[in-house]
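S.K.: Input entry_15.pdb, format and content: PDB, C-alpha atoms.
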ATOM      1  CA  MET A   9      -8.713 -16.875  12.613
ATOM      2  CA  ASN A  10      -8.653 -19.113   9.577
ATOM      3  CA  GLN A  11     -11.994 -18.742   7.824
ATOM      4  CA  ASN A  12     -11.354 -21.451   5.251
ATOM      5  CA  SER A  13      -8.588 -23.998   5.309
ATOM      6  CA  GLY A  14      -8.650 -24.749   1.604
ATOM      7  CA  GLY A  15     -10.369 -27.358  -0.574
ATOM      8  CA  VAL A  16     -13.896 -27.155  -1.904
ATOM      9  CA  ALA A  17     -15.856 -24.405  -0.145
ATOM     10  CA  PRO A  18     -18.981 -25.935   1.447
ATOM     11  CA  GLN A  19     -22.255 -24.886  -0.151
ATOM     12  CA  TYR A  20     -25.012 -24.462   2.414
ATOM     13  CA  ASP A  21     -28.661 -23.739   1.810
ATOM     14  CA  ARG A  22     -29.923 -22.833   5.281
ATOM     15  CA  LEU A  23     -30.173 -23.552   8.955
ATOM     16  CA  ALA A  24     -32.918 -26.159   8.630
ATOM     17  CA  TYR A  25     -34.170 -27.083  12.064
ATOM     18  CA  VAL A  26     -33.366 -27.277  15.750
ATOM     19  CA  ALA A  27     -34.298 -30.207  18.001
ATOM     20  CA  LEU A  28     -35.077 -29.372  21.629
ATOM     21  CA  ASN A  29     -35.612 -31.405  24.772
ATOM     22  CA  VAL A  30     -38.572 -30.143  26.806
ATOM     23  CA  THR A  31     -40.056 -31.287  30.104
ATOM     24  CA  ASP A  32     -43.729 -30.786  29.214
ATOM     25  CA  LEU A  33     -44.498 -31.601  25.597
ATOM     26  CA  ALA A  34     -48.059 -30.269  25.671
ATOM     27  CA  ALA A  35     -47.055 -26.960  27.259
ATOM     28  CA  SER A  36     -44.181 -26.479  24.820
ATOM     29  CA  ARG A  37     -46.357 -27.305  21.825
ATOM     30  CA  HIS A  38     -48.935 -24.750  22.975
ATOM     31  CA  PHE A  39     -46.233 -22.124  23.486
ATOM     32  CA  TYR A  40     -44.505 -22.574  20.131
ATOM     33  CA  GLU A  41     -47.807 -22.806  18.251
ATOM     34  CA  HIS A  42     -49.927 -20.150  19.931
ATOM     35  CA  GLU A  43     -47.388 -17.713  21.353
ATOM     36  CA  VAL A  44     -44.484 -17.935  18.878
ATOM     37  CA  GLY A  45     -46.547 -18.716  15.770
ATOM     38  CA  LEU A  46     -45.310 -22.082  14.470
ATOM     39  CA  GLN A  47     -47.626 -24.749  13.047
ATOM     40  CA  PHE A  48     -47.870 -28.405  14.057
ATOM     41  CA  SER A  49     -46.847 -30.704  11.202
ATOM     42  CA  GLY A  50     -46.711 -34.189  12.690
ATOM     43  CA  LYS A  51     -45.720 -36.653  15.376
ATOM     44  CA  GLY A  52     -42.755 -38.976  15.098
ATOM     45  CA  PRO A  53     -42.176 -42.611  16.114
ATOM     46  CA  LEU A  54     -40.595 -41.614  19.443
ATOM     47  CA  GLY A  55     -43.489 -39.308  20.280
ATOM     48  CA  GLU A  56     -41.551 -36.236  19.178
ATOM     49  CA  LEU A  57     -43.498 -33.303  17.733
ATOM     50  CA  TYR A  58     -42.674 -31.515  14.485
ATOM     51  CA  LEU A  59     -43.407 -27.818  13.939
ATOM     52  CA  ARG A  60     -42.961 -25.662  10.843
ATOM     53  CA  CYS A  61     -42.741 -21.991   9.925
ATOM     54  CA  GLY A  62     -42.801 -22.226   6.121
ATOM     55  CA  TYR A  63     -42.939 -24.631   3.193
ATOM     56  CA  ALA A  64     -40.568 -27.226   4.685
ATOM     57  CA  HIS A  65     -41.925 -30.055   6.802
ATOM     58  CA  HIS A  66     -40.402 -28.697  10.002
ATOM     59  CA  CYS A  67     -38.080 -26.133  11.530
ATOM     60  CA  MET A  68     -38.326 -27.452  15.091
ATOM     61  CA  VAL A  69     -38.598 -30.861  16.748
ATOM     62  CA  LEU A  70     -39.655 -31.252  20.386
ATOM     63  CA  TYR A  71     -38.691 -34.307  22.453
ATOM     64  CA  THR A  72     -39.782 -35.131  25.997
ATOM     65  CA  ALA A  73     -36.857 -35.270  28.422
ATOM     66  CA  ALA A  74     -36.112 -34.945  32.122
ATOM     67  CA  LYS A  75     -34.104 -31.762  31.528
ATOM     68  CA  PRO A  76     -34.640 -29.034  28.923
ATOM     69  CA  GLY A  77     -31.984 -28.335  26.349
ATOM     70  CA  LEU A  78     -30.550 -28.695  22.883
ATOM     71  CA  LYS A  79     -30.619 -32.119  21.221
ATOM     72  CA  ARG A  80     -29.159 -31.229  17.798
ATOM     73  CA  ILE A  81     -28.833 -28.538  15.135
ATOM     74  CA  ALA A  82     -29.423 -29.374  11.472
ATOM     75  CA  PHE A  83     -28.206 -27.627   8.318
ATOM     76  CA  GLU A  84     -29.469 -28.283   4.808
ATOM     77  CA  MET A  85     -26.822 -28.328   2.081
ATOM     78  CA  ALA A  86     -27.328 -26.906  -1.418
ATOM     79  CA  ASP A  87     -27.628 -30.393  -2.943
ATOM     80  CA  SER A  88     -26.397 -33.967  -2.541
ATOM     81  CA  VAL A  89     -23.033 -33.104  -4.113
ATOM     82  CA  ALA A  90     -22.494 -30.386  -1.510
ATOM     83  CA  LEU A  91     -23.447 -32.880   1.188
ATOM     84  CA  ARG A  92     -20.888 -35.399  -0.082
ATOM     85  CA  ASP A  93     -18.201 -32.730  -0.371
ATOM     86  CA  LEU A  94     -18.772 -31.584   3.198
ATOM     87  CA  ARG A  95     -18.613 -35.133   4.514
ATOM     88  CA  ASP A  96     -15.338 -35.700   2.652
ATOM     89  CA  ARG A  97     -13.988 -32.429   4.032
ATOM     90  CA  VAL A  98     -14.905 -33.364   7.609
ATOM     91  CA  GLN A  99     -13.512 -36.873   7.347
ATOM     92  CA  GLY A 100     -10.360 -35.522   5.720
ATOM     93  CA  ARG A 101      -9.700 -33.682   8.963
ATOM     94  CA  GLY A 102      -9.909 -36.906  10.934
ATOM     95  CA  LEU A 103     -13.321 -36.261  12.461
ATOM     96  CA  ALA A 104     -15.907 -38.932  13.160
ATOM     97  CA  THR A 105     -19.113 -38.892  11.104
ATOM     98  CA  HIS A 106     -22.259 -40.816  11.931
ATOM     99  CA  GLU A 107     -24.610 -41.806   9.124
ATOM    100  CA  VAL A 108     -28.254 -40.944   9.770
ATOM    101  CA  GLN A 109     -30.637 -43.691   8.742
ATOM    102  CA  GLN A 110     -33.552 -42.692   6.501
ATOM    103  CA  GLU A 111     -35.969 -43.847   9.209
ATOM    104  CA  HIS A 112     -34.702 -40.907  11.279
ATOM    105  CA  TYR A 113     -36.617 -38.540   9.004
ATOM    106  CA  VAL A 114     -40.335 -38.075   9.240
ATOM    107  CA  ALA A 115     -39.862 -35.917   6.130
ATOM    108  CA  LYS A 116     -37.839 -37.743   3.489
ATOM    109  CA  ALA A 117     -34.395 -36.327   2.724
ATOM    110  CA  ALA A 118     -31.676 -37.404   0.306
ATOM    111  CA  ASP A 119     -29.517 -40.330   1.313
ATOM    112  CA  GLY A 120     -26.163 -39.584   2.906
ATOM    113  CA  ALA A 121     -27.223 -37.425   5.851
ATOM    114  CA  PHE A 122     -24.693 -37.474   8.657
ATOM    115  CA  GLN A 123     -23.970 -36.086  12.101
ATOM    116  CA  ILE A 124     -20.815 -34.907  13.832
ATOM    117  CA  VAL A 125     -19.994 -33.548  17.281
ATOM    118  CA  GLU A 126     -18.424 -30.134  17.865
ATOM    119  CA  PRO A 127     -15.470 -31.000  20.128
ATOM    120  CA  VAL A 128     -15.728 -28.222  22.727
ATOM    121  CA  THR A 129     -19.464 -27.937  23.374
ATOM    122  CA  GLY A 130     -20.410 -31.507  22.465
ATOM    123  CA  VAL A 131     -23.348 -30.259  20.379
ATOM    124  CA  THR A 132     -24.582 -32.642  17.685
ATOM    125  CA  LEU A 133     -24.585 -31.095  14.212
ATOM    126  CA  GLU A 134     -26.543 -32.719  11.405
ATOM    127  CA  PHE A 135     -26.181 -32.176   7.661
ATOM    128  CA  PHE A 136     -28.562 -33.329   4.935
ATOM    129  CA  SER A 137     -30.020 -32.277   1.602
ATOM    130  CA  GLY A 138     -33.505 -32.252   0.177
ATOM    131  CA  MET A 139     -36.060 -32.138   3.004
ATOM    132  CA  GLU A 140     -39.467 -32.528   1.442
ATOM    133  CA  ALA A 141     -42.143 -29.881   1.749
ATOM    134  CA  PHE A 142     -45.077 -30.307   4.088
ATOM    135  CA  GLY A 143     -47.810 -32.176   2.229
ATOM    136  CA  GLY A 144     -50.835 -30.463   3.724
ATOM    137  CA  GLN A 145     -52.157 -26.933   3.612
ATOM    138  CA  PRO A 146     -49.689 -24.072   2.969
ATOM    139  CA  PHE A 147     -48.238 -22.425   6.055
ATOM    140  CA  VAL A 148     -50.407 -19.501   7.155
ATOM    141  CA  PRO A 149     -48.928 -17.033   9.688
ATOM    142  CA  THR A 150     -50.956 -16.538  12.845
ATOM    143  CA  VAL A 151     -49.735 -14.429  15.769
ATOM    144  CA  ALA A 152     -46.551 -13.403  13.905
ATOM    145  CA  LYS A 153     -45.483 -13.345  10.272
ATOM    146  CA  ILE A 154     -42.487 -15.608  10.738
ATOM    147  CA  GLN A 155     -40.167 -15.737   7.745
ATOM    148  CA  ARG A 156     -37.787 -18.477   8.839
ATOM    149  CA  LEU A 157     -35.740 -20.060  11.562
ATOM    150  CA  GLY A 158     -32.997 -17.454  11.573
ATOM    151  CA  HIS A 159     -30.157 -18.609  13.787
ATOM    152  CA  ILE A 160     -29.249 -20.447  16.927
ATOM    153  CA  GLY A 161     -26.985 -19.291  19.732
ATOM    154  CA  ILE A 162     -24.871 -21.601  21.880
ATOM    155  CA  ARG A 163     -22.558 -21.039  24.843
ATOM    156  CA  SER A 164     -18.994 -22.374  24.744
ATOM    157  CA  PRO A 165     -16.333 -22.392  27.481
ATOM    158  CA  ASP A 166     -13.678 -22.073  24.743
ATOM    159  CA  ILE A 167     -15.378 -19.775  22.271
ATOM    160  CA  LYS A 168     -12.325 -19.215  20.055
ATOM    161  CA  SER A 169     -11.850 -22.945  19.508
ATOM    162  CA  THR A 170     -15.543 -23.438  18.747
ATOM    163  CA  ALA A 171     -15.504 -20.537  16.287
ATOM    164  CA  GLU A 172     -12.348 -21.949  14.671
ATOM    165  CA  PHE A 173     -14.062 -25.319  14.240
ATOM    166  CA  PHE A 174     -17.045 -23.796  12.449
ATOM    167  CA  MET A 175     -14.790 -21.768  10.166
ATOM    168  CA  SER A 176     -11.873 -24.055   9.364
ATOM    169  CA  VAL A 177     -13.703 -27.401   9.391
ATOM    170  CA  LEU A 178     -17.235 -26.483   8.308
ATOM    171  CA  GLY A 179     -16.413 -23.473   6.138
ATOM    172  CA  PHE A 180     -18.525 -20.894   7.944
ATOM    173  CA  ALA A 181     -17.618 -17.233   7.459
ATOM    174  CA  LEU A 182     -17.048 -14.694  10.210
ATOM    175  CA  SER A 183     -19.273 -11.618   9.989
ATOM    176  CA  ASP A 184     -18.438  -9.829  13.259
ATOM    177  CA  PHE A 185     -17.032 -10.631  16.680
ATOM    178  CA  VAL A 186     -16.515  -9.333  20.190
ATOM    179  CA  ASP A 187     -13.142 -10.842  21.036
ATOM    180  CA  SER A 188     -13.454 -13.723  23.533
ATOM    181  CA  LYS A 189     -17.126 -12.823  24.086
ATOM    182  CA  ALA A 190     -19.180 -13.442  20.934
ATOM    183  CA  TYR A 191     -18.768 -14.596  17.328
ATOM    184  CA  PHE A 192     -21.358 -14.191  14.568
ATOM    185  CA  LEU A 193     -20.962 -16.759  11.782
ATOM    186  CA  ARG A 194     -22.793 -17.275   8.489
ATOM    187  CA  CYS A 195     -22.990 -20.408   6.322
ATOM    188  CA  PRO A 196     -22.215 -19.299   2.729
ATOM    189  CA  PRO A 197     -23.676 -18.815   0.260
ATOM    190  CA  ASN A 198     -26.636 -18.230   2.578
ATOM    191  CA  PRO A 199     -26.537 -14.413   2.746
ATOM    192  CA  PHE A 200     -27.745 -13.671   6.268
ATOM    193  CA  HIS A 201     -25.340 -12.059   8.728
ATOM    194  CA  HIS A 202     -25.343 -15.108  10.978
ATOM    195  CA  SER A 203     -26.885 -18.542  11.248
ATOM    196  CA  MET A 204     -24.749 -19.349  14.283
ATOM    197  CA  ALA A 205     -24.106 -17.047  17.236
ATOM    198  CA  LEU A 206     -21.470 -18.149  19.725
ATOM    199  CA  GLY A 207     -21.283 -16.701  23.215
ATOM    200  CA  HIS A 208     -18.846 -17.360  26.033
ATOM    201  CA  GLY A 209     -20.102 -19.402  28.948
ATOM    202  CA  ALA A 210     -18.538 -21.212  31.877
ATOM    203  CA  GLU A 211     -20.357 -24.324  30.645
ATOM    204  CA  ALA A 212     -21.558 -25.313  27.204
ATOM    205  CA  GLY A 213     -25.268 -24.860  26.588
ATOM    206  CA  LEU A 214     -28.058 -23.380  24.532
ATOM    207  CA  HIS A 215     -28.164 -19.580  24.480
ATOM    208  CA  HIS A 216     -31.178 -18.849  22.274
ATOM    209  CA  ILE A 217     -33.241 -19.774  19.222
ATOM    210  CA  ASN A 218     -34.116 -17.050  16.718
ATOM    211  CA  PHE A 219     -37.086 -16.624  14.407
ATOM    212  CA  MET A 220     -36.981 -13.837  11.834
ATOM    213  CA  VAL A 221     -40.268 -11.949  11.450
ATOM    214  CA  SER A 222     -41.608  -9.882   8.564
ATOM    215  CA  GLU A 223     -42.666  -6.634  10.218
ATOM    216  CA  ILE A 224     -41.657  -4.427  13.116
ATOM    217  CA  ASP A 225     -45.293  -4.840  14.195
ATOM    218  CA  ASP A 226     -44.589  -8.532  14.856
ATOM    219  CA  VAL A 227     -42.165  -7.416  17.550
ATOM    220  CA  GLY A 228     -44.605  -4.854  18.944
ATOM    221  CA  ARG A 229     -47.517  -7.283  19.019
ATOM    222  CA  GLY A 230     -45.235  -9.822  20.665
ATOM    223  CA  ILE A 231     -44.499  -7.419  23.512
ATOM    224  CA  ALA A 232     -48.213  -6.912  24.129
ATOM    225  CA  ARG A 233     -49.032 -10.615  23.809
ATOM    226  CA  PHE A 234     -46.234 -11.815  26.079
ATOM    227  CA  THR A 235     -47.039  -9.205  28.690
ATOM    228  CA  LYS A 236     -50.705 -10.210  28.687
ATOM    229  CA  GLU A 237     -49.835 -13.918  28.944
ATOM    230  CA  SER A 238     -47.142 -13.345  31.635
ATOM    231  CA  ILE A 239     -44.396 -14.699  29.377
ATOM    232  CA  PRO A 240     -41.075 -13.266  30.601
ATOM    233  CA  ILE A 241     -39.404 -10.768  28.273
ATOM    234  CA  VAL A 242     -35.692 -10.908  29.129
ATOM    235  CA  HIS A 243     -34.181  -8.398  26.690
ATOM    236  CA  GLY A 244     -35.589  -5.792  24.380
ATOM    237  CA  PRO A 245     -36.951  -4.380  22.370
ATOM    238  CA  GLY A 246     -33.597  -3.212  21.062
ATOM    239  CA  ARG A 247     -31.368  -3.153  18.003
ATOM    240  CA  HIS A 248     -28.231  -5.258  17.534
ATOM    241  CA  PRO A 249     -25.241  -3.277  16.166
ATOM    242  CA  PRO A 250     -23.609  -6.334  14.493
ATOM    243  CA  SER A 251     -26.562  -7.349  12.291
ATOM    244  CA  GLY A 252     -28.802  -4.276  12.491
ATOM    245  CA  SER A 253     -31.695  -6.465  13.669
ATOM    246  CA  VAL A 254     -34.457  -5.215  15.932
ATOM    247  CA  PHE A 255     -34.807  -7.857  18.625
ATOM    248  CA  LEU A 256     -37.005  -9.170  21.408
ATOM    249  CA  TYR A 257     -35.956 -12.050  23.689
ATOM    250  CA  PHE A 258     -38.435 -14.039  25.782
ATOM    251  CA  LEU A 259     -38.615 -17.373  27.616
ATOM    252  CA  ASP A 260     -40.358 -20.627  26.752
ATOM    253  CA  PRO A 261     -42.047 -22.802  29.430
ATOM    254  CA  ASP A 262     -38.698 -24.394  30.380
ATOM    255  CA  GLY A 263     -36.934 -21.035  30.648
ATOM    256  CA  MET A 264     -35.071 -21.456  27.339
ATOM    257  CA  THR A 265     -34.566 -18.218  25.446
ATOM    258  CA  VAL A 266     -36.351 -17.460  22.168
ATOM    259  CA  GLU A 267     -35.813 -14.391  19.991
ATOM    260  CA  TYR A 268     -37.893 -12.528  17.443
ATOM    261  CA  SER A 269     -35.814 -10.362  15.104
ATOM    262  CA  TYR A 270     -36.762  -7.995  12.332
ATOM    263  CA  GLY A 271     -34.267  -7.116   9.606
ATOM    264  CA  MET A 272     -30.692  -8.344   9.176
ATOM    265  CA  GLU A 273     -27.614  -7.413   7.184
ATOM    266  CA  GLU A 274     -27.076  -9.629   4.145
ATOM    267  CA  PHE A 275     -23.963 -10.644   2.214
ATOM    268  CA  PRO A 276     -25.211 -11.333  -1.345
ATOM    269  CA  PRO A 277     -23.496 -14.267  -3.096
ATOM    270  CA  GLY A 278     -21.005 -13.252  -5.768
ATOM    271  CA  MET A 279     -20.185  -9.912  -4.168
ATOM    272  CA  ASP A 280     -17.074  -9.097  -2.178
ATOM    273  CA  ALA A 281     -17.974  -9.276   1.497
ATOM    274  CA  ARG A 282     -16.802  -6.582   3.871
ATOM    275  CA  LYS A 283     -14.191  -7.518   6.441
ATOM    276  CA  PRO A 284     -15.402  -8.785   9.824
ATOM    277  CA  ARG A 285     -15.651  -6.064  12.445
ATOM    278  CA  MET A 286     -14.183  -6.388  15.936
ATOM    279  CA  LEU A 287     -16.616  -4.788  18.363
ATOM    280  CA  ALA A 288     -15.711  -3.462  21.787
ATOM    281  CA  PRO A 289     -16.711  -5.659  24.770
ATOM    282  CA  VAL A 290     -19.296  -3.163  26.037
ATOM    283  CA  PRO A 291     -23.115  -3.345  26.301
ATOM    284  CA  GLU A 292     -23.473  -0.873  23.418
ATOM    285  CA  SER A 293     -22.009  -3.514  21.077
ATOM    286  CA  ILE A 294     -25.069  -5.686  21.743
ATOM    287  CA  ASP A 295     -27.836  -3.076  21.838
ATOM    288  CA  TYR A 296     -28.003   0.435  20.382
ATOM    289  CA  TRP A 297     -31.088   1.256  22.438
ATOM    290  CA  GLY A 298     -29.889   0.310  25.914
ATOM    291  CA  SER A 299     -32.842  -1.884  26.866
ATOM    292  CA  MET A 300     -32.875  -3.695  30.193
ATOM    293  CA  LEU A 301     -31.257  -7.141  30.286
ATOM    294  CA  ASP A 302     -32.720  -9.864  32.529
ATOM    295  CA  LYS A 303     -30.169 -12.261  34.032
ATOM    296  CA  ARG A 304     -32.313 -15.226  32.934
ATOM    297  CA  LYS A 305     -31.488 -14.603  29.276
ATOM    298  CA  GLY A 306     -29.517 -17.394  27.631
ATOM    299  CA  ILE A 307     -28.821 -19.544  30.685
ATOM    300  CA  ALA A 308     -31.345 -22.430  30.441
ATOM    301  CA  GLY A 309     -30.789 -25.425  28.214
ATOM    302  CA  GLU A 310     -28.235 -28.223  28.469
ATOM    303  CA  ILE A 311     -26.558 -29.745  25.429
ATOM    304  CA  GLU A 312     -27.500 -33.405  25.162
ATOM    305  CA  PRO A 313     -24.495 -35.675  24.550
ATOM    306  CA  ALA A 314     -24.482 -37.425  21.184
ATOM    307  CA  ASP A 315     -26.272 -40.769  21.140
ATOM    308  CA  PHE A 316     -23.627 -42.367  18.919
ATOM    309  CA  HIS A 317     -20.018 -43.327  19.484
ATOM    310  CA  ALA A 318     -17.267 -41.039  18.178
ATOM    311  CA  ASP A 319     -15.745 -43.610  15.825
ATOM    312  CA  ALA A 320     -13.847 -42.175  12.873
ATOM    313  CA  GLU A 321     -14.607 -45.352  10.930
ATOM    314  CA  ASP A 322     -18.349 -44.942  11.361
ATOM    315  CA  VAL A 323     -18.829 -43.769   7.775
ATOM    316  CA  PRO A 324     -16.140 -44.762   5.285
ATOM    317  CA  ALA A 325     -14.671 -41.960   3.210
ATOM    318  CA  SER A 326     -15.577 -43.826   0.023
ATOM    319  CA  ALA A 327     -19.301 -43.931   0.831
ATOM    320  CA  SER A 328     -21.456 -42.419  -1.900
ATOM    321  CA  VAL A 329     -24.365 -39.998  -1.709
ATOM    322  CA  SER A 330     -27.262 -40.748  -4.013
ATOM    323  CA  GLN A 331     -29.281 -38.115  -5.837
ATOM    324  CA  ASN A 332     -32.756 -39.251  -4.788
ATOM    325  CA  GLY A 333     -33.799 -36.097  -2.944
ATOM    326  CA  GLY A 334     -37.080 -35.726  -1.102
TER
END
Output the file's structure as structure tokens, nothing else.

M.R.:
Amino acid sequence: MNQNSGGVAPQYDRLAYVALNVTDLAASRHFYEHEVGLQFSGKGPLGELYLRCGYAHHCMVLYTAAKPGLKRIAFEMADSVALRDLRDRVQGRGLATHEVQQEHYVAKAADGAFQIVEPVTGVTLEFFSGMEAFGGQPFVPTVAKIQRLGHIGIRSPDIKSTAEFFMSVLGFALSDFVDSKAYFLRCPPNPFHHSMALGHGAEAGLHHINFMVSEIDDVGRGIARFTKESIPIVHGPGRHPPSGSVFLYFLDPDGMTVEYSYGMEEFPPGMDARKPRMLAPVPESIDYWGSMLDKRKGIAGEIEPADFHADAEDVPASASVSQNGG
């Protein structure tokens, strides 16, 4: 696979937030606040709820919908120049870009944010720079010492093509893969083993959302808490061979899969990265410990179609990105 098709290498900062559709906003807010450990940070003009897990205004947005699923995935670029370069790169490959109006952001971000659609899965991907910090009290961990939104997993019926899109168009790097089954991709120079996990599925959809925690005790306390509250644990505890992470997967009120993970391999910027490893398509390539796997893992969550038209002229290639970050 082509990991970079030339030109300026995109400069990412992080996986910034994930927007979900949920069927019961109150139940989902309670779950993500009191069971997962996020903190409410505001309500938007459409009634959507914003939740955070650190200094930034939000890492998750919840929308009310008839069916649960994935609305969009957002990445923050290193700065406004990196944002402009990525937009030019995407448009140079003939792909449609949709400019995001500033009113879209409850937390101010730099001008020039845009969205695209991944062709196979139809997932909306958003790119911006400069989300402002939450203006209230500092984030204080509660039931778990969450470090960050770690990664998101999606299902694709043509996983090789989806992986190729992330690498050749968006400049992601391949860390490891199980051929035709799973691909683990990072967004350089962000060092973590993967910000995007791709799994094969007969239909496109959400697989899981990951939050990285600070201590192995966060995983252990989660097991006790979820068991007490009758929250389904669908895989784990275990340890992933690709990243080295200790994991625990569980279900939210709509049956969508959430993961806690502790520890992860890093690829420090400026150092030669090891070659991607091809792992055998066997259960031991997913879990060293052999924990039981519930069939409900990773199956709930539709991908919402983009709410804009795929018009390659939507944002002209000459459009500028200003430097007025949030």

S.K.: Could you tell me how far CA of Val131 (chain A) lies from CA of Thr105 (chain A), in Å and to one decimal?

M.R.: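 That distance, rounded to one decimal, is 13.4 Å.
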
S.K.: Give the answer as one residue: which of A:Phe135, A:Phe142, A:Phe48, A:Tyr71 has the shortest atom-to-atom distance to Ser88 (chain A), using only C-alpha atoms?

M.R.: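 Distance minimum relative to Ser88 (chain A) lands on A:Phe135.
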
S.K.: Find the residue from A:Phe258, A:Tyr20, A:Phe136, A:Phe185 that sits nearest to Ser293 (chain A); use only C-alpha atoms when measuring.

M.R.: A:Phe185

S.K.: Just checking: using all atoms listed in the file, which residue out of A:Ser164, A:Pro245, A:Arg92, A:Asp32 ends up closest to Ser299 (chain A)?

M.R.: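 Ranked by minimum distance to Ser299 (chain A), first place goes to A:Pro245.
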
S.K.: Run the PyMOL selection byres ((chain A and resi 190) around 8) mentally over the shown coordinates, then write out the matched residues as a ChimeraX atom specification, using the chain letters and numbers from the document.

M.R.: /A:167,185-189,191-192,205-208

S.K.: For Thr150 (chain A), list every protein, DNA or RNA residue within 9 Å, evaluated using only C-alpha atoms, and leave out those in the same chain fewer than 4 positions away; present the list as a PyMOL selection string.

M.R.: chain A and resi 41-42+44-47+154

S.K.: Nearest residue to Gly52 (chain A) out of A:Gly306, A:Leu70, A:Asp119, A:His215, using only C-alpha atoms?

M.R.: A:Leu70

S.K.: If the PyMOL selection byres ((chain A and resi 174) around 10) were run on this exact file, what residues would it hold? Put them as a ChimeraX atom specification.

M.R.: /A:11-12,126,169-173,175-182,193-195,204

S.K.: What does the file look like for those residues with C-alpha atoms, as a short mmCIF file (atom, residue, chain, number, x, y, z; two decimals), keeping the file's coordinate frame?

M.R.:
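The new file out04.cif reads:
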data_model
loop_
_atom_site.label_atom_id
_atom_site.label_comp_id
_atom_site.auth_asym_id
_atom_site.auth_seq_id
_atom_site.Cartn_x
_atom_site.Cartn_y
_atom_site.Cartn_z
CA GLN A 11 -11.99 -18.74 7.82
CA ASN A 12 -11.35 -21.45 5.25
CA GLU A 126 -18.42 -30.13 17.86
CA SER A 169 -11.85 -22.94 19.51
CA THR A 170 -15.54 -23.44 18.75
CA ALA A 171 -15.50 -20.54 16.29
CA GLU A 172 -12.35 -21.95 14.67
CA PHE A 173 -14.06 -25.32 14.24
CA MET A 175 -14.79 -21.77 10.17
CA SER A 176 -11.87 -24.06 9.36
CA VAL A 177 -13.70 -27.40 9.39
CA LEU A 178 -17.24 -26.48 8.31
CA GLY A 179 -16.41 -23.47 6.14
CA PHE A 180 -18.52 -20.89 7.94
CA ALA A 181 -17.62 -17.23 7.46
CA LEU A 182 -17.05 -14.69 10.21
CA LEU A 193 -20.96 -16.76 11.78
CA ARG A 194 -22.79 -17.27 8.49
CA CYS A 195 -22.99 -20.41 6.32
CA MET A 204 -24.75 -19.35 14.28
#

S.K.: Could you please determine the separation between CA of Ala210 (chain A) and CA of Lys75 (chain A) in Å, to one decimal place?

M.R.: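 CA of Lys75 (chain A) lies 18.8 Å from CA of Ala210 (chain A).
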
S.K.: With the PyMOL selection byres ((chain A and resi 77-82) around 6) as the selection, what would be picked from this file? Answer as a list in words, please.

M.R.: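 Applied to this file, the PyMOL selection byres ((chain A and resi 77-82) around 6) selects Ala24, Tyr25, Val26, Ala27, Leu28, Asn29, Pro76, Phe83, Thr132, Leu133, Glu134, Phe135, Gly309, Glu310, Ile311 and Glu312 of chain A.
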
S.K.: Select, counting only C-alpha atoms, all protein, DNA and RNA residues no farther than 9 Å from (-24.1, -1.9, 17.1) in file coordinates, and express the selection as a list of chain:residue names.

M.R.: A:Arg247, A:His248, A:Pro249, A:Pro250, A:Ser251, A:Gly252, A:Leu287, A:Glu292, A:Ser293, A:Ile294, A:Asp295, A:Tyr296

S.K.: Between CA of Asp166 (chain A) and CA of Val128 (chain A), what is the spacing in Å?

M.R.: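 Value for the CA of Val128 (chain A)-CA of Asp166 (chain A) distance: 6.8 Å.
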
S.K.: Determine, counting only C-alpha atoms, which protein, DNA and RNA residues have an atom within 8 Å of an atom of Pro277 (chain A); residues of the same chain fewer than 5 positions away are not included. Present the result as a VMD selection string.

M.R.: chain A and resid 196 to 199

S.K.: Could you give me, as a PyMOL selection string, the residues that have an atom at most 12 Å away from the point (-47.9, -17.9, 6.3) in the coordinates of the file, using only C-alpha atoms?

M.R.: chain A and resi 45-47+60-64+145-156+221-222

S.K.: So that I have them on file, write out the residues from the current selection with C-alpha atoms, as an mmCIF file, in the frame of the given file.

M.R.:
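Written out: part12.cif:
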data_model
loop_
_atom_site.group_PDB
_atom_site.id
_atom_site.type_symbol
_atom_site.label_atom_id
_atom_site.label_comp_id
_atom_site.auth_asym_id
_atom_site.auth_seq_id
_atom_site.Cartn_x
_atom_site.Cartn_y
_atom_site.Cartn_z
ATOM 1 C CA GLY A 45 -46.547 -18.716 15.770
ATOM 2 C CA LEU A 46 -45.310 -22.082 14.470
ATOM 3 C CA GLN A 47 -47.626 -24.749 13.047
ATOM 4 C CA ARG A 60 -42.961 -25.662 10.843
ATOM 5 C CA CYS A 61 -42.741 -21.991 9.925
ATOM 6 C CA GLY A 62 -42.801 -22.226 6.121
ATOM 7 C CA TYR A 63 -42.939 -24.631 3.193
ATOM 8 C CA ALA A 64 -40.568 -27.226 4.685
ATOM 9 C CA GLN A 145 -52.157 -26.933 3.612
ATOM 10 C CA PRO A 146 -49.689 -24.072 2.969
ATOM 11 C CA PHE A 147 -48.238 -22.425 6.055
ATOM 12 C CA VAL A 148 -50.407 -19.501 7.155
ATOM 13 C CA PRO A 149 -48.928 -17.033 9.688
ATOM 14 C CA THR A 150 -50.956 -16.538 12.845
ATOM 15 C CA VAL A 151 -49.735 -14.429 15.769
ATOM 16 C CA ALA A 152 -46.551 -13.403 13.905
ATOM 17 C CA LYS A 153 -45.483 -13.345 10.272
ATOM 18 C CA ILE A 154 -42.487 -15.608 10.738
ATOM 19 C CA GLN A 155 -40.167 -15.737 7.745
ATOM 20 C CA ARG A 156 -37.787 -18.477 8.839
ATOM 21 C CA VAL A 221 -40.268 -11.949 11.450
ATOM 22 C CA SER A 222 -41.608 -9.882 8.564
#
